[in-house]
>>> print(open('work07.pdb').read())   # PDB, C-alpha atoms, pLDDT in the B column
ATOM      1  CA  MET A1045       3.426 -40.945 -51.955  1.00 93.00           C
ATOM      2  CA  ILE A1046       0.292 -39.649 -53.611  1.00 92.00           C
ATOM      3  CA  GLY A1047      -2.835 -41.341 -54.825  1.00 88.00           C
ATOM      4  CA  PRO A1048      -5.628 -43.574 -53.585  1.00 87.00           C
ATOM      5  CA  ASP A1049      -3.344 -46.576 -52.859  1.00 90.00           C
ATOM      6  CA  ALA A1050      -0.684 -44.618 -50.953  1.00 91.00           C
ATOM      7  CA  ALA A1051      -1.805 -45.704 -47.476  1.00 91.00           C
ATOM      8  CA  ARG A1052      -1.935 -49.386 -48.397  1.00 91.00           C
ATOM      9  CA  VAL A1053       1.470 -49.390 -50.091  1.00 91.00           C
ATOM     10  CA  ALA A1054       3.024 -47.439 -47.193  1.00 91.00           C
ATOM     11  CA  HIS A1055       1.581 -49.730 -44.474  1.00 88.00           C
ATOM     12  CA  ALA A1056      -0.420 -46.749 -43.201  1.00 91.00           C
ATOM     13  CA  GLU A1057      -3.944 -48.171 -43.353  1.00 89.00           C
ATOM     14  CA  GLU A1058      -4.315 -47.860 -39.564  1.00 89.00           C
ATOM     15  CA  LEU A1059      -3.122 -44.247 -39.568  1.00 91.00           C
ATOM     16  CA  ALA A1060      -5.883 -41.762 -38.718  1.00 92.00           C
ATOM     17  CA  ASP A1061      -7.313 -40.230 -41.879  1.00 88.00           C
ATOM     18  CA  ILE A1062      -6.429 -36.679 -40.854  1.00 92.00           C
ATOM     19  CA  GLU A1063      -3.590 -34.578 -42.198  1.00 91.00           C
ATOM     20  CA  HIS A1064      -0.356 -34.752 -40.167  1.00 93.00           C
ATOM     21  CA  ALA A1065      -1.339 -37.946 -38.332  1.00 95.00           C
ATOM     22  CA  SER A1066       1.855 -39.976 -38.016  1.00 96.00           C
ATOM     23  CA  SER A1067       3.096 -43.330 -36.847  1.00 94.00           C
ATOM     24  CA  ALA A1068       6.195 -45.484 -36.784  1.00 95.00           C
ATOM     25  CA  VAL A1069       6.077 -48.436 -39.190  1.00 93.00           C
ATOM     26  CA  GLU A1070       8.327 -51.151 -40.464  1.00 93.00           C
ATOM     27  CA  ILE A1071       8.190 -51.999 -44.160  1.00 93.00           C
ATOM     28  CA  GLU A1072      10.043 -55.186 -45.062  1.00 93.00           C
ATOM     29  CA  GLY A1073      12.469 -54.600 -42.180  1.00 95.00           C
ATOM     30  CA  ILE A1074      12.990 -50.888 -42.896  1.00 96.00           C
ATOM     31  CA  ALA A1075      12.016 -48.573 -40.038  1.00 96.00           C
ATOM     32  CA  ALA A1076      10.109 -45.493 -41.164  1.00 96.00           C
ATOM     33  CA  ILE A1077       7.677 -42.821 -40.045  1.00 96.00           C
ATOM     34  CA  THR A1078       4.449 -42.386 -41.999  1.00 95.00           C
ATOM     35  CA  ALA A1079       2.599 -39.077 -41.997  1.00 96.00           C
ATOM     36  CA  ARG A1080      -0.727 -38.286 -43.671  1.00 94.00           C
ATOM     37  CA  THR A1081      -0.759 -35.458 -46.162  1.00 91.00           C
ATOM     38  CA  ASP A1082      -3.620 -33.858 -48.034  1.00 88.00           C
ATOM     39  CA  THR A1083      -2.791 -36.024 -51.071  1.00 89.00           C
ATOM     40  CA  GLY A1084      -1.416 -39.258 -49.596  1.00 91.00           C
ATOM     41  CA  VAL A1085       1.350 -40.325 -47.222  1.00 94.00           C
ATOM     42  CA  ASP A1086       4.899 -39.130 -46.588  1.00 95.00           C
ATOM     43  CA  LEU A1087       7.512 -41.687 -45.553  1.00 96.00           C
ATOM     44  CA  ILE A1088      10.626 -40.759 -43.614  1.00 97.00           C
ATOM     45  CA  CYS A1089      13.483 -43.223 -43.151  1.00 97.00           C
ATOM     46  CA  GLY A1090      17.213 -43.197 -42.595  1.00 97.00           C
ATOM     47  CA  ALA A1091      19.097 -41.617 -45.498  1.00 97.00           C
ATOM     48  CA  ASN A1092      21.084 -44.804 -46.046  1.00 97.00           C
ATOM     49  CA  GLU A1093      17.829 -46.774 -46.511  1.00 97.00           C
ATOM     50  CA  THR A1094      16.085 -44.432 -48.962  1.00 97.00           C
ATOM     51  CA  ASP A1095      16.887 -46.405 -52.121  1.00 97.00           C
ATOM     52  CA  GLU A1096      15.972 -49.726 -50.507  1.00 97.00           C
ATOM     53  CA  LEU A1097      12.669 -48.320 -49.223  1.00 97.00           C
ATOM     54  CA  ALA A1098      11.848 -46.844 -52.635  1.00 96.00           C
ATOM     55  CA  GLN A1099      12.507 -50.218 -54.292  1.00 97.00           C
ATOM     56  CA  THR A1100      10.384 -52.015 -51.693  1.00 96.00           C
ATOM     57  CA  LEU A1101       7.519 -49.581 -52.278  1.00 95.00           C
ATOM     58  CA  ARG A1102       7.742 -50.149 -56.040  1.00 96.00           C
ATOM     59  CA  GLU A1103       7.553 -53.900 -55.406  1.00 95.00           C
ATOM     60  CA  ARG A1104       4.406 -53.267 -53.336  1.00 92.00           C
ATOM     61  CA  GLY A1105       2.775 -51.381 -56.216  1.00 92.00           C
ATOM     62  CA  ALA A1106       4.061 -47.799 -56.038  1.00 95.00           C
ATOM     63  CA  VAL A1107       4.564 -46.222 -59.447  1.00 94.00           C
ATOM     64  CA  PRO A1108       7.094 -43.396 -59.846  1.00 93.00           C
ATOM     65  CA  VAL A1109       5.596 -40.180 -61.235  1.00 93.00           C
ATOM     66  CA  SER A1110       7.193 -37.011 -62.545  1.00 95.00           C
ATOM     67  CA  GLU A1111       7.642 -33.809 -60.581  1.00 93.00           C
ATOM     68  CA  ASP A1112       5.240 -32.215 -63.055  1.00 95.00           C
ATOM     69  CA  ALA A1113       2.533 -34.706 -62.070  1.00 94.00           C
ATOM     70  CA  THR A1114       3.043 -34.054 -58.349  1.00 92.00           C
ATOM     71  CA  GLU A1115       2.943 -30.308 -59.008  1.00 93.00           C
ATOM     72  CA  ILE A1116      -0.396 -30.702 -60.782  1.00 94.00           C
ATOM     73  CA  VAL A1117      -1.804 -32.620 -57.806  1.00 92.00           C
ATOM     74  CA  ARG A1118      -0.514 -29.922 -55.412  1.00 90.00           C
ATOM     75  CA  VAL A1119      -2.172 -27.138 -57.414  1.00 91.00           C
ATOM     76  CA  GLU A1120      -5.430 -29.094 -57.786  1.00 92.00           C
ATOM     77  CA  HIS A1121      -5.539 -29.456 -53.990  1.00 88.00           C
ATOM     78  CA  GLY A1122      -4.907 -25.727 -53.498  1.00 85.00           C
ATOM     79  CA  ARG A1123      -1.728 -26.267 -51.490  1.00 84.00           C
ATOM     80  CA  PRO A1124       0.581 -23.204 -51.699  1.00 83.00           C
ATOM     81  CA  ARG A1125       4.306 -23.750 -52.070  1.00 85.00           C
ATOM     82  CA  TYR A1126       6.884 -21.414 -50.640  1.00 84.00           C
ATOM     83  CA  GLY A1127       9.023 -19.827 -53.330  1.00 86.00           C
ATOM     84  CA  ILE A1128       6.345 -20.329 -55.974  1.00 85.00           C
ATOM     85  CA  ASP A1129       3.026 -19.164 -54.537  1.00 82.00           C
ATOM     86  CA  LEU A1130       4.374 -17.512 -51.389  1.00 82.00           C
ATOM     87  CA  ASP A1131       7.558 -15.729 -50.364  1.00 84.00           C
ATOM     88  CA  GLU A1132       8.758 -13.404 -47.618  1.00 83.00           C
ATOM     89  CA  SER A1133       6.581 -10.608 -49.023  1.00 85.00           C
ATOM     90  CA  VAL A1134       3.280 -12.547 -49.108  1.00 80.00           C
ATOM     91  CA  ILE A1135       1.689 -14.529 -46.275  1.00 75.00           C
ATOM     92  CA  PRO A1136      -0.926 -17.264 -46.882  1.00 71.00           C
ATOM     93  CA  GLN A1137      -3.790 -15.105 -45.604  1.00 74.00           C
ATOM     94  CA  GLU A1138      -2.966 -12.441 -48.188  1.00 70.00           C
ATOM     95  CA  ARG A1139      -2.700 -14.976 -51.014  1.00 64.00           C
ATOM     96  CA  GLY A1140      -6.031 -16.637 -50.249  1.00 60.00           C
TER      97      GLY A1140
END
>>> encode(input="work07.pdb", output="structure tokens")
Amino acid sequence: MIGPDAARVAHAEELADIEHASSAVEIEGIAAITARTDTGVDLICGANETDELAQTLRERGAVPVSEDATEIVRVEHGRPRYGIDLDESVIPQERG
């Protein structure tokens, strides 16, 4: 999830505001792990609960966005992506 409301929607308000901080949560009975990212919060749940969790998050205010929109946010934050900005011939330190 990306955006200023990501932590609230993902029940991650108590999660330390540092990248990679993580915690177990339960969202409407669905067990998940939340992890801070540079642009919001990642949620990890059982594969069989993915659709239910996505629906629950939409009910809590999450709004689906396109891959193009998430790519724009990634580039704006200067986050390299393997296979696009980096590959086996270029390491992050060389790319800047």
>>> residues_near_point(input="work07.pdb", point="(0.2, -33.6, -36.6)", cutoff="10 Å", atoms="only C-alpha atoms", output="PyMOL selection string")
chain A and resi 1062-1066+1079-1081
>>> atom_distance(input="work07.pdb", atom1="atom CA of Cys1089 of chain A", atom2="atom CA of Ala1075 of chain A")
6.4 Å
>>> closest_residue(input="work07.pdb", among="A:Arg1125, A:Asp1131, A:Ile1071, A:Asp1049", to="Leu1097 of chain A", atoms="only C-alpha atoms")
A:Ile1071
>>> closest_residue(input="work07.pdb", among="A:Val1069, A:Met1045, A:Ala1106, A:Leu1059", to="Asp1086 of chain A", atoms="only C-alpha atoms")
A:Met1045
>>> atom_distance(input="work07.pdb", atom1="atom CA of Thr1100 of chain A", atom2="atom CA of Arg1123 of chain A")
28.5 Å
>>> closest_residue(input="work07.pdb", among="A:Val1053, A:Ala1068, A:Ile1046, A:Ile1074", to="Arg1102 of chain A", atoms="all atoms listed in the file")
A:Val1053
>>> closest_residue(input="work07.pdb", among="A:Asp1129, A:Glu1072, A:Asp1095, A:Asp1082", to="His1055 of chain A", atoms="only C-alpha atoms")
A:Glu1072
